[in-house]
Amino acid sequence: MKVAVIHSHVEKSLKAADTLYKLLTARGHEINREQPDIVISVGGDGTLLSAFHLYNHKLDKVRFLGVHTGHLGFYTDWRDYELEELVETLCTNQEKSVSYPLLDVRIKYRNGKPDKHFLALNESTIKRGNRTMVADIYIKDELFERFRGDGLSVSTPTGSTAYNKSVGGAVLHPSINAFQLAEIASLNNRVFRTLGSPIVVAQQEWVEIKLQDSTDYLVTIDQFNIQQDHIESVHYRIADERIHFASYRHMHFWHRVRDAFIGDL
């Protein structure tokens with residue numbers, strides 16, 4: 001099996017990655033970052049997000065697996081002291097996988113610049129510099145509301161536990177093939193009104209956020225910040241592509257949620 005190892009640069013991750021390289025080659029696996037069958041991230045959920053963006057053009061060919069060097073995250077099933085067991089499992093159960101929905105993001109510009117296209121595993125947000133953001137929100141090409149506030153967050157089901165949750169969004173199970181739109185500090189008074197609640201958008205529908213012309217918009221795609229000028233609109237839908245995780249010991253989603261936010265009962 002061809003394996004790519006993507007790691008963070010903290011000491012604990014570097015040490016774990018070095019051990020993993022040795023164990024993989026000893027069992028006959030090929031270290032291949034160009035054409036891997038499986039991508040192993042060593043670090044945390046942020047490291048796995050980086051690995052996803054490195055290989056999101058090969059999603060039909062690769063599976064991902066996360067090793068955490070701290071506590072278990074939402075995308076990491078193994079700890080750094082379980083590397084021997086992990087490699088042994090790679091040798092015996094090579095076909096099992098579980099897939100999660102991704103967010104398709106397309107940015108359209110006013111000045112004739114070509115559209116930009118991204119995939120997000122967690123979320124995308126739109127904010128404006130030092131002013132209130134004003135945006136018309138369309139669902140399936142029909143105007144839904146005019147938003148005024150700090151910004152908007154659009155998340156996948158797995159990303160619903162991240163920024164989306166902190167702004168009052170619901171936690172969605174990843175078997176639900178939908179995305180969520182949540183408002184960030186919306187203005188609601190006698191003059192300006194929005195729904196004021198997160199909405200869950202089905203797979204067959206899409207959202208387009210049309211913006212006022214400005215040069216100070218900030219669009220995020222997962223952990224990446226992208227300063228954007230003269231955006232006309234941002235289009236969101238569930239992507240045709242899905243991310244596939246090696247499910248040798250894939251933890252139940254609600255177990256992850258309880259472990260992250262509640263702890264042992």
# chains A, B, ... in the order shown; residues from 1 in each chain; ligands from 1
>>> select_by_dssp(residues="region 40-81 of chain A", states="helix (DSSP H, G or I)", output="list in words")
Asp45, Gly46, Thr47, Leu48, Leu49, Ser50, Ala51, Phe52, His53, Leu54, Asp80 and Tyr81 of chain A
>>> write_last_selection(atoms="all heavy atoms", output="CSV table (one decimal), in the first residue's frame")
chain,number,residue,atom,x,y,z
A,45,ASP,N,-6.9,17.8,14.6
A,45,ASP,CA,-7.9,18.0,13.5
A,45,ASP,C,-7.4,19.0,12.5
A,45,ASP,O,-7.7,18.9,11.3
A,45,ASP,CB,-9.2,18.4,14.1
A,45,ASP,CG,-10.0,17.3,14.7
A,45,ASP,OD1,-9.6,16.1,14.4
A,45,ASP,OD2,-10.9,17.5,15.4
A,46,GLY,N,-6.6,20.0,12.9
A,46,GLY,CA,-6.1,21.0,12.0
A,46,GLY,C,-5.1,20.4,11.0
A,46,GLY,O,-5.1,20.8,9.8
A,47,THR,N,-4.3,19.5,11.5
A,47,THR,CA,-3.4,18.8,10.6
A,47,THR,C,-4.1,18.0,9.5
A,47,THR,O,-3.8,17.9,8.4
A,47,THR,CB,-2.4,17.9,11.4
A,47,THR,OG1,-1.8,18.6,12.4
A,47,THR,CG2,-1.3,17.3,10.5
A,48,LEU,N,-5.2,17.3,10.0
A,48,LEU,CA,-6.0,16.6,9.0
A,48,LEU,C,-6.7,17.5,8.0
A,48,LEU,O,-6.8,17.2,6.8
A,48,LEU,CB,-7.1,15.7,9.7
A,48,LEU,CG,-7.7,14.7,8.8
A,48,LEU,CD1,-7.8,13.3,9.5
A,48,LEU,CD2,-9.0,15.1,8.3
A,49,LEU,N,-7.2,18.7,8.4
A,49,LEU,CA,-7.7,19.6,7.5
A,49,LEU,C,-6.7,20.0,6.4
A,49,LEU,O,-7.0,20.1,5.2
A,49,LEU,CB,-8.2,20.9,8.2
A,49,LEU,CG,-9.5,20.7,9.0
A,49,LEU,CD1,-9.8,22.0,9.8
A,49,LEU,CD2,-10.7,20.6,8.0
A,50,SER,N,-5.4,20.2,6.9
A,50,SER,CA,-4.4,20.5,5.9
A,50,SER,C,-4.1,19.4,4.9
A,50,SER,O,-3.9,19.6,3.7
A,50,SER,CB,-3.1,20.8,6.7
A,50,SER,OG,-3.2,22.0,7.5
A,51,ALA,N,-4.2,18.2,5.5
A,51,ALA,CA,-4.0,17.0,4.6
A,51,ALA,C,-5.1,16.9,3.6
A,51,ALA,O,-4.9,16.6,2.4
A,51,ALA,CB,-3.9,15.7,5.4
A,52,PHE,N,-6.3,17.2,4.0
A,52,PHE,CA,-7.5,17.2,3.1
A,52,PHE,C,-7.3,18.2,1.9
A,52,PHE,O,-7.5,17.8,0.8
A,52,PHE,CB,-8.8,17.5,3.9
A,52,PHE,CG,-9.9,17.9,3.0
A,52,PHE,CD1,-10.6,17.0,2.2
A,52,PHE,CD2,-10.3,19.3,3.0
A,52,PHE,CE1,-11.6,17.5,1.4
A,52,PHE,CE2,-11.3,19.7,2.1
A,52,PHE,CZ,-12.0,18.8,1.3
A,53,HIS,N,-6.8,19.4,2.3
A,53,HIS,CA,-6.7,20.4,1.2
A,53,HIS,C,-5.5,20.0,0.3
A,53,HIS,O,-5.5,20.5,-0.9
A,53,HIS,CB,-6.5,21.8,1.8
A,53,HIS,CG,-7.8,22.3,2.3
A,53,HIS,ND1,-8.8,22.8,1.4
A,53,HIS,CD2,-8.4,22.3,3.5
A,53,HIS,CE1,-9.8,23.2,2.1
A,53,HIS,NE2,-9.6,22.9,3.4
A,54,LEU,N,-4.5,19.3,0.8
A,54,LEU,CA,-3.4,18.9,-0.1
A,54,LEU,C,-3.9,17.8,-1.1
A,54,LEU,O,-3.3,17.8,-2.2
A,54,LEU,CB,-2.3,18.3,0.8
A,54,LEU,CG,-1.3,19.2,1.4
A,54,LEU,CD1,-0.4,18.4,2.4
A,54,LEU,CD2,-0.5,20.0,0.4
A,80,ASP,N,-1.1,8.6,19.4
A,80,ASP,CA,0.3,8.4,19.0
A,80,ASP,C,0.9,7.2,19.7
A,80,ASP,O,1.9,6.7,19.2
A,80,ASP,CB,1.1,9.7,19.3
A,80,ASP,CG,0.9,10.1,20.7
A,80,ASP,OD1,-0.2,10.0,21.3
A,80,ASP,OD2,1.9,10.7,21.3
A,81,TYR,N,0.3,6.7,20.8
A,81,TYR,CA,0.9,5.5,21.4
A,81,TYR,C,0.3,4.2,20.8
A,81,TYR,O,0.6,3.1,21.3
A,81,TYR,CB,0.7,5.5,22.9
A,81,TYR,CG,-0.7,5.8,23.4
A,81,TYR,CD1,-1.7,4.8,23.4
A,81,TYR,CD2,-1.1,7.0,23.9
A,81,TYR,CE1,-3.0,5.0,23.8
A,81,TYR,CE2,-2.4,7.3,24.3
A,81,TYR,CZ,-3.3,6.2,24.3
A,81,TYR,OH,-4.6,6.5,24.7
>>> residues_around(residues="region 167-180 of chain A", least_positions_apart="6", cutoff="6 Å", atoms="only C-alpha atoms", output="list in words")
Tyr100, Val154, Ser155, Thr156, Pro157, Thr158, Ser160, Thr161, Pro198, Ile199, Val200, Val201, Ala202 and Gln203 of chain A
>>> residues_around(residues="Arg110 (chain A)", least_positions_apart="4", cutoff="8 Å", atoms="only C-alpha atoms", output="list in words")
His230, Ile231 and Glu232 of chain A
>>> select_by_dssp(residues="region 23-254 of chain A", states="strand (DSSP E)", output="compact mmCIF listing (two decimals) with N, CA, C and O atoms, in the first residue's frame")
# COMPACT_ATOMS: atom_id res chain seq x y z
N GLU A 30 4.77 1.38 1.02
CA GLU A 30 5.56 2.37 0.28
C GLU A 30 5.17 3.78 0.72
O GLU A 30 3.99 4.14 0.71
N ILE A 31 6.15 4.59 1.10
CA ILE A 31 5.90 5.99 1.42
C ILE A 31 5.87 6.77 0.11
O ILE A 31 6.86 6.84 -0.61
N ILE A 38 -3.61 5.89 0.87
CA ILE A 38 -4.12 6.35 2.14
C ILE A 38 -3.24 7.49 2.65
O ILE A 38 -2.02 7.47 2.47
N VAL A 39 -3.86 8.51 3.23
CA VAL A 39 -3.15 9.67 3.78
C VAL A 39 -3.35 9.65 5.29
O VAL A 39 -4.49 9.68 5.77
N ILE A 40 -2.24 9.59 6.03
CA ILE A 40 -2.29 9.58 7.48
C ILE A 40 -1.82 10.94 7.99
O ILE A 40 -0.71 11.37 7.67
N SER A 41 -2.66 11.61 8.76
CA SER A 41 -2.26 12.87 9.37
C SER A 41 -1.84 12.61 10.81
O SER A 41 -2.46 11.79 11.50
N VAL A 42 -0.78 13.28 11.24
CA VAL A 42 -0.27 13.12 12.60
C VAL A 42 -0.23 14.50 13.24
O VAL A 42 0.54 15.37 12.82
N GLY A 43 -1.06 14.72 14.22
CA GLY A 43 -1.13 16.02 14.89
C GLY A 43 -2.47 16.18 15.54
O GLY A 43 -2.74 15.58 16.57
N ARG A 63 -7.99 7.53 0.83
CA ARG A 63 -8.71 7.54 2.10
C ARG A 63 -7.83 8.22 3.14
O ARG A 63 -6.60 8.22 3.01
N PHE A 64 -8.45 8.78 4.15
CA PHE A 64 -7.73 9.52 5.18
C PHE A 64 -7.83 8.79 6.52
O PHE A 64 -8.79 8.06 6.78
N LEU A 65 -6.82 9.03 7.33
CA LEU A 65 -6.78 8.46 8.67
C LEU A 65 -6.04 9.43 9.56
O LEU A 65 -5.00 9.96 9.18
N GLY A 66 -6.57 9.70 10.75
CA GLY A 66 -5.98 10.70 11.63
C GLY A 66 -5.39 10.11 12.89
O GLY A 66 -6.03 9.29 13.56
N VAL A 67 -4.16 10.53 13.22
CA VAL A 67 -3.51 10.18 14.48
C VAL A 67 -3.37 11.46 15.29
O VAL A 67 -2.81 12.45 14.81
N HIS A 68 -3.90 11.45 16.50
CA HIS A 68 -3.87 12.65 17.34
C HIS A 68 -2.75 12.52 18.37
O HIS A 68 -2.60 11.49 19.00
N TRP A 78 -7.04 7.61 16.17
CA TRP A 78 -5.93 6.91 16.81
C TRP A 78 -5.09 7.88 17.63
O TRP A 78 -5.01 9.06 17.32
N ARG A 79 -4.45 7.34 18.65
CA ARG A 79 -3.52 8.12 19.45
C ARG A 79 -2.09 7.74 19.07
O ARG A 79 -1.82 6.69 18.47
N SER A 97 -14.20 1.75 4.77
CA SER A 97 -14.14 3.21 4.80
C SER A 97 -15.51 3.76 5.12
O SER A 97 -16.54 3.10 4.97
N VAL A 98 -15.53 5.01 5.59
CA VAL A 98 -16.77 5.75 5.83
C VAL A 98 -16.59 7.11 5.17
O VAL A 98 -15.48 7.66 5.13
N SER A 99 -17.66 7.66 4.60
CA SER A 99 -17.54 8.94 3.89
C SER A 99 -18.41 10.00 4.52
O SER A 99 -19.45 9.72 5.12
N TYR A 100 -17.96 11.27 4.37
CA TYR A 100 -18.66 12.43 4.93
C TYR A 100 -18.92 13.44 3.82
O TYR A 100 -18.14 13.56 2.86
N PRO A 101 -19.99 14.24 3.95
CA PRO A 101 -20.27 15.29 2.96
C PRO A 101 -19.25 16.42 3.02
O PRO A 101 -18.66 16.71 4.06
N LEU A 102 -19.08 17.08 1.89
CA LEU A 102 -18.22 18.25 1.77
C LEU A 102 -19.03 19.43 1.25
O LEU A 102 -20.10 19.26 0.66
N LEU A 103 -18.50 20.62 1.47
CA LEU A 103 -19.16 21.85 1.03
C LEU A 103 -18.49 22.36 -0.24
O LEU A 103 -17.26 22.51 -0.30
N ASP A 104 -19.29 22.61 -1.26
CA ASP A 104 -18.82 23.19 -2.52
C ASP A 104 -18.99 24.70 -2.43
O ASP A 104 -20.10 25.19 -2.19
N VAL A 105 -17.90 25.44 -2.62
CA VAL A 105 -17.91 26.90 -2.49
C VAL A 105 -17.43 27.51 -3.81
O VAL A 105 -16.35 27.18 -4.29
N ARG A 106 -18.24 28.42 -4.36
CA ARG A 106 -17.84 29.10 -5.60
C ARG A 106 -17.99 30.60 -5.41
O ARG A 106 -19.07 31.09 -5.05
N ILE A 107 -16.89 31.33 -5.62
CA ILE A 107 -16.88 32.79 -5.46
C ILE A 107 -16.94 33.44 -6.85
O ILE A 107 -16.12 33.14 -7.72
N LYS A 108 -17.92 34.33 -7.03
CA LYS A 108 -18.09 35.04 -8.29
C LYS A 108 -17.72 36.51 -8.09
O LYS A 108 -18.07 37.11 -7.06
N TYR A 109 -17.02 37.10 -9.06
CA TYR A 109 -16.50 38.47 -8.94
C TYR A 109 -17.22 39.42 -9.91
O TYR A 109 -17.80 39.00 -10.92
N LYS A 116 -13.72 31.49 -8.49
CA LYS A 116 -12.85 30.61 -7.72
C LYS A 116 -13.69 29.52 -7.08
O LYS A 116 -14.79 29.76 -6.59
N HIS A 117 -13.13 28.31 -7.10
CA HIS A 117 -13.87 27.15 -6.61
C HIS A 117 -13.07 26.47 -5.50
O HIS A 117 -11.86 26.28 -5.62
N PHE A 118 -13.76 26.11 -4.41
CA PHE A 118 -13.10 25.45 -3.27
C PHE A 118 -14.00 24.33 -2.75
O PHE A 118 -15.21 24.33 -2.97
N LEU A 119 -13.36 23.40 -2.02
CA LEU A 119 -14.08 22.42 -1.22
C LEU A 119 -13.73 22.65 0.24
O LEU A 119 -12.57 22.91 0.57
N ALA A 120 -14.72 22.56 1.11
CA ALA A 120 -14.48 22.73 2.54
C ALA A 120 -14.92 21.48 3.27
O ALA A 120 -15.99 20.92 2.99
N GLU A 123 -16.10 24.22 7.16
CA GLU A 123 -17.00 25.36 7.01
C GLU A 123 -16.37 26.42 6.13
O GLU A 123 -15.17 26.41 5.85
N SER A 124 -17.22 27.36 5.74
CA SER A 124 -16.80 28.60 5.09
C SER A 124 -17.54 29.74 5.76
O SER A 124 -18.72 29.61 6.12
N THR A 125 -16.85 30.84 5.98
CA THR A 125 -17.49 32.03 6.55
C THR A 125 -17.26 33.23 5.63
O THR A 125 -16.30 33.27 4.86
N ILE A 126 -18.16 34.20 5.73
CA ILE A 126 -18.01 35.48 5.04
C ILE A 126 -18.15 36.58 6.08
O ILE A 126 -19.13 36.62 6.83
N LYS A 127 -17.15 37.46 6.13
CA LYS A 127 -17.20 38.60 7.04
C LYS A 127 -16.73 39.84 6.29
O LYS A 127 -16.16 39.75 5.20
N ARG A 128 -16.94 40.99 6.92
CA ARG A 128 -16.48 42.25 6.35
C ARG A 128 -15.61 42.95 7.36
O ARG A 128 -15.81 42.78 8.58
N MET A 133 -21.91 43.92 7.57
CA MET A 133 -22.04 43.24 6.30
C MET A 133 -23.51 43.19 5.91
O MET A 133 -24.37 42.82 6.72
N VAL A 134 -23.80 43.61 4.69
CA VAL A 134 -25.16 43.55 4.15
C VAL A 134 -25.15 42.58 2.99
O VAL A 134 -24.33 42.70 2.07
N ALA A 135 -26.04 41.59 3.04
CA ALA A 135 -26.05 40.56 2.01
C ALA A 135 -27.47 40.06 1.78
O ALA A 135 -28.25 39.91 2.73
N ASP A 136 -27.79 39.80 0.53
CA ASP A 136 -29.06 39.16 0.19
C ASP A 136 -28.84 37.66 0.09
O ASP A 136 -27.95 37.20 -0.65
N ILE A 137 -29.63 36.91 0.83
CA ILE A 137 -29.48 35.45 0.86
C ILE A 137 -30.57 34.84 -0.01
O ILE A 137 -31.77 35.02 0.24
N TYR A 138 -30.13 34.11 -1.03
CA TYR A 138 -31.03 33.42 -1.94
C TYR A 138 -30.95 31.92 -1.69
O TYR A 138 -29.86 31.36 -1.56
N ILE A 139 -32.09 31.26 -1.63
CA ILE A 139 -32.15 29.81 -1.55
C ILE A 139 -32.84 29.31 -2.81
O ILE A 139 -33.99 29.68 -3.10
N GLU A 142 -34.26 32.04 -5.05
CA GLU A 142 -35.35 32.86 -4.52
C GLU A 142 -34.87 33.62 -3.30
O GLU A 142 -34.29 33.03 -2.39
N LEU A 143 -35.11 34.93 -3.26
CA LEU A 143 -34.66 35.74 -2.14
C LEU A 143 -35.31 35.27 -0.85
O LEU A 143 -36.54 35.19 -0.75
N PHE A 144 -34.50 34.98 0.15
CA PHE A 144 -34.98 34.52 1.44
C PHE A 144 -34.99 35.66 2.47
O PHE A 144 -35.98 35.86 3.15
N GLU A 145 -33.87 36.39 2.57
CA GLU A 145 -33.80 37.50 3.51
C GLU A 145 -32.65 38.42 3.14
O GLU A 145 -31.74 38.03 2.40
N ARG A 146 -32.70 39.63 3.66
CA ARG A 146 -31.56 40.54 3.60
C ARG A 146 -30.90 40.52 4.97
O ARG A 146 -31.52 40.87 5.97
N PHE A 147 -29.64 40.12 4.99
CA PHE A 147 -28.91 39.98 6.25
C PHE A 147 -28.08 41.22 6.51
O PHE A 147 -27.43 41.77 5.61
N ARG A 148 -28.10 41.66 7.78
CA ARG A 148 -27.19 42.69 8.26
C ARG A 148 -26.58 42.19 9.56
O ARG A 148 -27.31 41.78 10.46
N GLY A 149 -25.26 42.23 9.64
CA GLY A 149 -24.60 41.75 10.84
C GLY A 149 -23.11 41.59 10.63
O GLY A 149 -22.54 42.17 9.70
N ASP A 150 -22.48 40.78 11.48
CA ASP A 150 -21.03 40.59 11.39
C ASP A 150 -20.63 39.63 10.29
O ASP A 150 -19.52 39.72 9.76
N GLY A 151 -21.49 38.66 9.97
CA GLY A 151 -21.13 37.72 8.93
C GLY A 151 -22.01 36.49 8.93
O GLY A 151 -23.01 36.41 9.65
N LEU A 152 -21.63 35.52 8.09
CA LEU A 152 -22.40 34.28 7.94
C LEU A 152 -21.44 33.10 7.96
O LEU A 152 -20.30 33.19 7.49
N SER A 153 -21.91 32.00 8.51
CA SER A 153 -21.13 30.77 8.56
C SER A 153 -21.91 29.66 7.88
O SER A 153 -23.10 29.46 8.17
N VAL A 154 -21.25 28.93 6.99
CA VAL A 154 -21.87 27.81 6.28
C VAL A 154 -21.04 26.57 6.58
O VAL A 154 -19.83 26.56 6.32
N SER A 155 -21.67 25.53 7.12
CA SER A 155 -20.89 24.38 7.60
C SER A 155 -21.44 23.06 7.10
O SER A 155 -22.63 22.92 6.79
N ALA A 178 -26.50 17.33 4.12
CA ALA A 178 -27.02 18.69 4.05
C ALA A 178 -25.97 19.63 4.62
O ALA A 178 -24.97 19.20 5.18
N PHE A 179 -26.19 20.94 4.46
CA PHE A 179 -25.30 21.92 5.07
C PHE A 179 -26.12 22.92 5.86
O PHE A 179 -27.35 22.98 5.74
N GLN A 180 -25.44 23.70 6.69
CA GLN A 180 -26.11 24.59 7.64
C GLN A 180 -25.63 26.03 7.46
O GLN A 180 -24.43 26.26 7.31
N LEU A 181 -26.57 26.95 7.46
CA LEU A 181 -26.27 28.38 7.38
C LEU A 181 -26.61 29.02 8.71
O LEU A 181 -27.75 28.91 9.19
N ALA A 182 -25.63 29.65 9.34
CA ALA A 182 -25.84 30.30 10.64
C ALA A 182 -25.42 31.76 10.56
O ALA A 182 -24.42 32.10 9.92
N GLU A 183 -26.18 32.61 11.23
CA GLU A 183 -25.88 34.04 11.26
C GLU A 183 -24.88 34.35 12.36
O GLU A 183 -24.92 33.75 13.44
N ILE A 184 -24.00 35.31 12.09
CA ILE A 184 -23.03 35.77 13.08
C ILE A 184 -23.41 37.19 13.49
O ILE A 184 -23.29 38.13 12.71
N ALA A 185 -23.94 37.33 14.70
CA ALA A 185 -24.32 38.64 15.27
C ALA A 185 -25.17 39.45 14.31
O ALA A 185 -24.80 40.55 13.88
N SER A 186 -26.34 38.92 13.97
CA SER A 186 -27.23 39.63 13.05
C SER A 186 -27.91 40.80 13.75
O SER A 186 -28.14 40.79 14.96
N ILE A 199 -30.36 27.62 9.64
CA ILE A 199 -31.20 26.82 8.75
C ILE A 199 -30.37 25.68 8.17
O ILE A 199 -29.17 25.82 7.92
N VAL A 200 -31.03 24.54 7.96
CA VAL A 200 -30.40 23.38 7.37
C VAL A 200 -30.91 23.25 5.94
O VAL A 200 -32.13 23.20 5.71
N VAL A 201 -29.99 23.21 4.99
CA VAL A 201 -30.33 23.22 3.57
C VAL A 201 -30.09 21.84 2.98
O VAL A 201 -29.01 21.26 3.14
N ALA A 202 -31.09 21.30 2.31
CA ALA A 202 -31.03 19.94 1.78
C ALA A 202 -30.05 19.82 0.62
O ALA A 202 -29.67 20.82 -0.01
N VAL A 207 -27.49 27.68 -1.79
CA VAL A 207 -27.60 29.04 -1.23
C VAL A 207 -26.63 29.94 -1.98
O VAL A 207 -25.47 29.57 -2.19
N GLU A 208 -27.10 31.10 -2.37
CA GLU A 208 -26.23 32.12 -2.95
C GLU A 208 -26.32 33.37 -2.10
O GLU A 208 -27.42 33.85 -1.80
N ILE A 209 -25.17 33.88 -1.69
CA ILE A 209 -25.10 35.08 -0.86
C ILE A 209 -24.56 36.21 -1.72
O ILE A 209 -23.40 36.20 -2.12
N LYS A 210 -25.43 37.17 -2.03
CA LYS A 210 -25.06 38.30 -2.89
C LYS A 210 -24.65 39.47 -2.02
O LYS A 210 -25.41 39.89 -1.13
N LEU A 211 -23.47 40.01 -2.30
CA LEU A 211 -22.86 41.02 -1.44
C LEU A 211 -22.84 42.39 -2.08
O LEU A 211 -22.81 42.52 -3.32
N TYR A 217 -13.93 42.30 2.11
CA TYR A 217 -14.52 41.04 2.53
C TYR A 217 -13.44 40.01 2.86
O TYR A 217 -12.38 39.96 2.21
N LEU A 218 -13.73 39.20 3.85
CA LEU A 218 -12.84 38.10 4.22
C LEU A 218 -13.64 36.81 4.13
O LEU A 218 -14.64 36.65 4.84
N VAL A 219 -13.22 35.92 3.26
CA VAL A 219 -13.86 34.61 3.11
C VAL A 219 -12.92 33.56 3.67
O VAL A 219 -11.72 33.57 3.35
N THR A 220 -13.42 32.70 4.52
CA THR A 220 -12.59 31.61 5.03
C THR A 220 -13.08 30.28 4.43
O THR A 220 -14.28 30.08 4.23
N ILE A 221 -12.12 29.43 4.16
CA ILE A 221 -12.39 28.06 3.73
C ILE A 221 -11.64 27.17 4.72
O ILE A 221 -10.40 27.09 4.68
N PHE A 224 -8.24 28.41 6.22
CA PHE A 224 -7.58 29.37 5.34
C PHE A 224 -8.38 30.67 5.26
O PHE A 224 -9.59 30.67 5.05
N ASN A 225 -7.68 31.80 5.42
CA ASN A 225 -8.28 33.13 5.30
C ASN A 225 -7.95 33.69 3.93
O ASN A 225 -6.78 33.75 3.54
N ILE A 226 -8.98 34.14 3.22
CA ILE A 226 -8.78 34.63 1.85
C ILE A 226 -9.38 36.03 1.75
O ILE A 226 -10.60 36.20 1.81
N GLN A 227 -8.51 37.04 1.64
CA GLN A 227 -8.99 38.42 1.46
C GLN A 227 -9.48 38.55 0.02
O GLN A 227 -8.77 38.22 -0.92
N GLN A 228 -10.71 39.02 -0.14
CA GLN A 228 -11.31 39.05 -1.47
C GLN A 228 -11.79 40.45 -1.81
O GLN A 228 -12.40 41.13 -0.98
N ILE A 231 -16.24 41.04 -4.61
CA ILE A 231 -17.04 39.82 -4.73
C ILE A 231 -18.47 40.20 -5.10
O ILE A 231 -19.06 41.10 -4.51
N GLU A 232 -19.02 39.50 -6.06
CA GLU A 232 -20.44 39.67 -6.39
C GLU A 232 -21.30 38.74 -5.54
O GLU A 232 -22.31 39.16 -4.98
N SER A 233 -20.89 37.48 -5.45
CA SER A 233 -21.67 36.53 -4.67
C SER A 233 -20.83 35.32 -4.32
O SER A 233 -19.79 35.05 -4.94
N VAL A 234 -21.29 34.56 -3.31
CA VAL A 234 -20.68 33.29 -2.95
C VAL A 234 -21.78 32.24 -2.97
O VAL A 234 -22.84 32.41 -2.35
N HIS A 235 -21.52 31.17 -3.70
CA HIS A 235 -22.51 30.12 -3.94
C HIS A 235 -22.12 28.88 -3.15
O HIS A 235 -20.97 28.42 -3.22
N TYR A 236 -23.08 28.32 -2.40
CA TYR A 236 -22.81 27.14 -1.57
C TYR A 236 -23.77 26.01 -1.93
O TYR A 236 -24.98 26.25 -2.12
N ARG A 237 -23.25 24.81 -1.95
CA ARG A 237 -24.08 23.61 -2.09
C ARG A 237 -23.30 22.41 -1.56
O ARG A 237 -22.09 22.51 -1.30
N ILE A 238 -23.97 21.28 -1.38
CA ILE A 238 -23.28 20.05 -1.02
C ILE A 238 -22.49 19.57 -2.24
O ILE A 238 -23.02 19.51 -3.36
N ALA A 239 -21.23 19.26 -2.04
CA ALA A 239 -20.35 18.88 -3.15
C ALA A 239 -20.71 17.49 -3.68
O ALA A 239 -21.25 16.64 -2.95
N ASP A 240 -20.41 17.27 -4.96
CA ASP A 240 -20.53 15.93 -5.52
C ASP A 240 -19.51 14.99 -4.89
O ASP A 240 -19.76 13.80 -4.70
N GLU A 241 -18.33 15.54 -4.57
CA GLU A 241 -17.27 14.75 -3.95
C GLU A 241 -17.56 14.51 -2.47
O GLU A 241 -18.26 15.29 -1.83
N ARG A 242 -17.00 13.45 -1.94
CA ARG A 242 -17.08 13.16 -0.51
C ARG A 242 -15.68 12.77 -0.04
O ARG A 242 -14.85 12.29 -0.82
N ILE A 243 -15.41 12.99 1.25
CA ILE A 243 -14.15 12.55 1.83
C ILE A 243 -14.35 11.16 2.42
O ILE A 243 -15.38 10.88 3.04
N HIS A 244 -13.37 10.28 2.20
CA HIS A 244 -13.44 8.91 2.68
C HIS A 244 -12.38 8.69 3.76
O HIS A 244 -11.21 8.98 3.55
N PHE A 245 -12.83 8.21 4.91
CA PHE A 245 -11.94 7.89 6.01
C PHE A 245 -11.81 6.38 6.14
O PHE A 245 -12.81 5.65 6.05
N ALA A 246 -10.57 5.92 6.35
CA ALA A 246 -10.36 4.51 6.67
C ALA A 246 -11.05 4.21 7.99
O ALA A 246 -10.81 4.88 8.99
>>> residues_around(residues="Glu34 (chain A)", least_positions_apart="5", cutoff="12 Å", atoms="only C-alpha atoms", output="mmCIF file with N, CA, C and O atoms, in the first residue's frame")
data_model
loop_
_atom_site.group_PDB
_atom_site.id
_atom_site.type_symbol
_atom_site.label_atom_id
_atom_site.label_comp_id
_atom_site.auth_asym_id
_atom_site.auth_seq_id
_atom_site.Cartn_x
_atom_site.Cartn_y
_atom_site.Cartn_z
ATOM 1 N N LYS A 2 0.463 2.237 -0.790
ATOM 2 C CA LYS A 2 1.187 3.505 -0.848
ATOM 3 C C LYS A 2 0.586 4.469 0.179
ATOM 4 O O LYS A 2 -0.620 4.701 0.173
ATOM 5 N N VAL A 3 1.443 5.016 1.044
ATOM 6 C CA VAL A 3 0.984 5.822 2.167
ATOM 7 C C VAL A 3 1.699 7.169 2.172
ATOM 8 O O VAL A 3 2.916 7.238 1.970
ATOM 9 N N ALA A 4 0.920 8.237 2.388
ATOM 10 C CA ALA A 4 1.494 9.567 2.626
ATOM 11 C C ALA A 4 1.269 9.926 4.087
ATOM 12 O O ALA A 4 0.191 9.668 4.629
ATOM 13 N N VAL A 5 2.281 10.491 4.723
ATOM 14 C CA VAL A 5 2.176 10.915 6.115
ATOM 15 C C VAL A 5 2.328 12.433 6.164
ATOM 16 O O VAL A 5 3.351 12.974 5.733
ATOM 17 N N VAL A 39 -3.865 8.510 3.230
ATOM 18 C CA VAL A 39 -3.152 9.666 3.778
ATOM 19 C C VAL A 39 -3.347 9.649 5.293
ATOM 20 O O VAL A 39 -4.485 9.683 5.775
ATOM 21 N N LEU A 54 -4.499 19.301 0.784
ATOM 22 C CA LEU A 54 -3.401 18.864 -0.077
ATOM 23 C C LEU A 54 -3.863 17.844 -1.107
ATOM 24 O O LEU A 54 -3.341 17.785 -2.223
ATOM 25 N N TYR A 55 -4.858 17.033 -0.726
ATOM 26 C CA TYR A 55 -5.256 15.913 -1.580
ATOM 27 C C TYR A 55 -6.718 15.985 -2.007
ATOM 28 O O TYR A 55 -7.274 14.966 -2.442
ATOM 29 N N HIS A 57 -7.948 17.037 -4.572
ATOM 30 C CA HIS A 57 -8.112 16.754 -5.999
ATOM 31 C C HIS A 57 -8.018 15.255 -6.284
ATOM 32 O O HIS A 57 -8.154 14.830 -7.443
ATOM 33 N N LYS A 58 -7.821 14.447 -5.248
ATOM 34 C CA LYS A 58 -7.697 12.997 -5.408
ATOM 35 C C LYS A 58 -8.700 12.252 -4.524
ATOM 36 O O LYS A 58 -8.451 11.136 -4.091
ATOM 37 N N LYS A 61 -9.628 8.674 -5.017
ATOM 38 C CA LYS A 61 -8.549 7.689 -5.011
ATOM 39 C C LYS A 61 -7.943 7.461 -3.625
ATOM 40 O O LYS A 61 -7.272 6.444 -3.415
ATOM 41 N N VAL A 62 -8.139 8.381 -2.681
ATOM 42 C CA VAL A 62 -7.453 8.261 -1.390
ATOM 43 C C VAL A 62 -8.450 8.172 -0.239
ATOM 44 O O VAL A 62 -9.589 8.659 -0.320
#
>>> atom_distance(atom1="CA of Asn56 (chain A)", atom2="CA of His9 (chain A)")
21.6 Å
